[in-house]
Amino acid sequence: MLLHVAVRSILLMGQLTVAKSFVKPTLHRFRPTTILMSLPALRSASADAEHAATPNLPDASLIISLQKYFRHVDKLHETENLGNVRLILASQSPRRREILDMMGLQGRFEAIPSPLDETALQQSLIADNSQLSPIQYTRILAEEKARALAEKLISETNSKLTSNSNDDGRCDGQTILVLGSDTIVELDNHILEKPKDIAAARCMLRSLSGRQHKVHTSVALFKVQASDESSLEREATLQASFVDTAEVIFAELSDDDINAYIDTREPMDKAGSYGIQGVGGQLVSRIEGDFFTVMGLPMHPVSRALASAVKSIVLDSNGCDSSHSKHMRA
């Protein structure tokens with residue numbers, strides 16, 4: 001009842017923005033950003049890096065500042081035959097954009113909605129695969145979101161990439177990394193997506209009250225680049241695909257608690273009808289796992305996947321230098 005009184009009093013005072021501001025510090029306590037920044041910084045390129053056969057890159061298994069990693073790529077773009085690297089988030093989610101910003105990638109990525117008909121795919125998966133697990137379900141959605149956008153970009157940019165090629169038609173043009181993600185809530189082996197209406201949101205919140213549930217966030221990373229060293233034809237290849245799971249325990253919620261939360265309108269675009277990073281964080285008594293997985297994008301494994309992909313791109317570029325040195329892959 002205390003939860004209801006706290007939320008209701010805030011709503012009556014018209015201070016919803018204040019509620020979000022005092023929930024925000026909870027998010028800061030979970031941020032590993034300060035840990036990332038305290039680790040050894042990315043080694044700077046040596047003075048003769050532009051002449052080296054292999055760029056001076058850190059081991060991709062280390063957690064480093066991705067912003068500095070991309071700056072290293074920018075330097076090679078200016079001094080070597082490495083094309084520009086473009087990172088695209090295949091999502092409209094402001095929460096996923098915020099997490100990438102926290103990772104030091106603000107201004108480095110674009111957010112472009114996937115052209116995938118997600119509703120049609122969801123219906124097809126449910127109809128055709130009755131035995132599909134929630135983890136398999138969300139993984140397919142993330143991969144298909146990223147794949148659909150990657151294929152659209154290939155179609156739109158082929159002519160532009162061709163016009164930017166070398167005289168011998170080799171290796172110029174940007175490499176595109178497309179990051180797709182999907183988040184679902186699982187309760188009793190049933191998938192809770194975004195609510196269709198207020199009645200659905202109320203039903204979901206009642207079912208979550210006082211219970212433990214799982215949040216699965218899937219991630220897929222595709223790379224779009226030339227199919228081989230001598231080709232201008234682009235292809236999309238899957239670089240990483242994984243699902244991270246966290247367990248969330250809800251407090252006991254009264255009908256007044258649920259109605260007060262629904263009145264904020266926050267549940268209406270969230271899987272499971274709540275957002276842990278907002279007012280809905282007050283409904284959660286405990287989580288076991290990665291906070292960012294519940295928020296919509298697991299920071300740690302995404303950081304590793306991006307670092308590995310960028311390192312691979314840079315090492316692959318050695319096959320495209322003016323001396324046509326041996327092609328290397330990470």
# chains A, B, ... in the order shown; residues from 1 in each chain; ligands from 1

call {"tool": "residues_around", "arguments": {"residues": "Gln92 of chain A", "least_positions_apart": "2", "cutoff": "7 Å", "atoms": "only C-alpha atoms", "output": "list in words"}}
result
Pro94, Ala111, Ile112 and Pro113 of chain A

call {"tool": "select_by_dssp", "arguments": {"residues": "segment 245-291 of chain A", "states": "strand (DSSP E)", "output": "list of chain:residue names"}}
result
A:Thr245, A:Ala246, A:Glu247, A:Val248, A:Ile249, A:Phe250, A:Val284, A:Ser285, A:Arg286, A:Ile287, A:Glu288

call {"tool": "residues_around", "arguments": {"residues": "segment 96-100 of chain A", "least_positions_apart": "5", "cutoff": "7 Å", "atoms": "only C-alpha atoms", "output": "ChimeraX atom specification"}}
result
/A:105-106,296-297

call {"tool": "select_by_dssp", "arguments": {"residues": "segment 188-278 of chain A", "states": "helix (DSSP H, G or I)", "output": "ChimeraX atom specification"}}
result
/A:198-208,255-263,266-269,271-273

call {"tool": "residues_around", "arguments": {"residues": "Ala240 of chain A", "least_positions_apart": "2", "cutoff": "8 Å", "atoms": "only C-alpha atoms", "output": "list in words"}}
result
Val219, Ala220, Leu221, Phe222, Leu238, Phe242 and Ala305 of chain A

call {"tool": "write_last_selection", "arguments": {"atoms": "N, CA and C atoms", "output": "CSV table (one decimal), in the first residue's frame"}}
result
chain,number,residue,atom,x,y,z
A,219,VAL,N,20.3,-10.4,-29.2
A,219,VAL,CA,21.1,-9.4,-30.0
A,219,VAL,C,21.7,-10.1,-31.2
A,220,ALA,N,21.6,-9.5,-32.3
A,220,ALA,CA,22.2,-10.0,-33.6
A,220,ALA,C,23.0,-8.9,-34.2
A,221,LEU,N,24.2,-9.2,-34.7
A,221,LEU,CA,25.1,-8.2,-35.4
A,221,LEU,C,25.5,-8.7,-36.7
A,222,PHE,N,25.1,-8.0,-37.8
A,222,PHE,CA,25.4,-8.3,-39.2
A,222,PHE,C,26.5,-7.3,-39.7
A,238,LEU,N,26.3,-12.8,-40.7
A,238,LEU,CA,26.0,-12.7,-39.3
A,238,LEU,C,27.3,-12.8,-38.5
A,242,PHE,N,23.2,-13.8,-29.9
A,242,PHE,CA,23.1,-14.4,-28.5
A,242,PHE,C,21.9,-13.9,-27.8
A,305,ALA,N,31.0,-7.9,-28.6
A,305,ALA,CA,30.7,-8.3,-30.0
A,305,ALA,C,31.1,-7.2,-30.9

call {"tool": "closest_residue", "arguments": {"among": "A:Val279, A:Ile198, A:Leu177, A:Met295", "to": "Ser308 of chain A", "atoms": "only C-alpha atoms"}}
result
A:Leu177

call {"tool": "closest_residue", "arguments": {"among": "A:Arg86, A:Val243, A:Ala307, A:Asp255", "to": "Asp74 of chain A", "atoms": "only C-alpha atoms"}}
result
A:Arg86

call {"tool": "residues_around", "arguments": {"residues": "segment 117-121 of chain A", "least_positions_apart": "3", "cutoff": "9 Å", "atoms": "only C-alpha atoms", "output": "list of chain:residue names"}}
result
A:Ser114, A:Ser124, A:Leu125, A:Ile126, A:Leu141, A:Glu144, A:Lys145

call {"tool": "write_last_selection", "arguments": {"atoms": "C-alpha atoms", "output": "CSV table (one decimal), in the first residue's frame"}}
result
chain,number,residue,atom,x,y,z
A,114,SER,CA,14.1,-2.2,-39.4
A,124,SER,CA,4.0,-16.9,-38.1
A,125,LEU,CA,6.4,-18.1,-35.4
A,126,ILE,CA,3.6,-18.7,-32.9
A,141,LEU,CA,13.3,-11.8,-34.1
A,144,GLU,CA,15.5,-11.1,-38.7
A,145,LYS,CA,15.2,-7.4,-37.7

call {"tool": "atom_distance", "arguments": {"atom1": "atom CA of Glu252 of chain A", "atom2": "atom CA of Ser209 of chain A"}}
result
5.0 Å

call {"tool": "residues_around", "arguments": {"residues": "Ile88 of chain A", "least_positions_apart": "3", "cutoff": "6 Å", "atoms": "only C-alpha atoms", "output": "PyMOL selection string"}}
result
chain A and resi 109-111+178

call {"tool": "closest_atom_pairs", "arguments": {"of": "segment 170-268 of chain A", "to": "segment 132-136 of chain A", "cutoff": "10 Å", "atoms": "only C-alpha atoms", "output": "Markdown table"}}
result
| residue | atom | partner | partner_atom | distance |
| --- | --- | --- | --- | --- |
| A:Thr183 | CA | A:Ile135 | CA | 9.9 |
| A:Ile184 | CA | A:Pro134 | CA | 8.0 |
| A:Val185 | CA | A:Pro134 | CA | 8.7 |
| A:Glu186 | CA | A:Pro134 | CA | 7.0 |
| A:Leu187 | CA | A:Pro134 | CA | 9.9 |
| A:Asn189 | CA | A:Pro134 | CA | 7.2 |
| A:His190 | CA | A:Pro134 | CA | 7.5 |
| A:Ile191 | CA | A:Pro134 | CA | 6.5 |
| A:Leu192 | CA | A:Pro134 | CA | 9.8 |
| A:Lys214 | CA | A:Pro134 | CA | 10.0 |
| A:Val215 | CA | A:Ile135 | CA | 9.7 |
| A:His216 | CA | A:Ile135 | CA | 6.7 |
| A:Thr217 | CA | A:Ile135 | CA | 8.5 |
| A:Ser218 | CA | A:Ile135 | CA | 7.9 |
| A:Phe242 | CA | A:Ile135 | CA | 9.4 |
| A:Val243 | CA | A:Ile135 | CA | 6.8 |
| A:Asp244 | CA | A:Ile135 | CA | 8.9 |
| A:Thr245 | CA | A:Ile135 | CA | 8.8 |

call {"tool": "residues_around", "arguments": {"residues": "Arg211 of chain A", "least_positions_apart": "4", "cutoff": "8 Å", "atoms": "only C-alpha atoms", "output": "VMD selection string"}}
result
chain A and resid 207 249 to 252
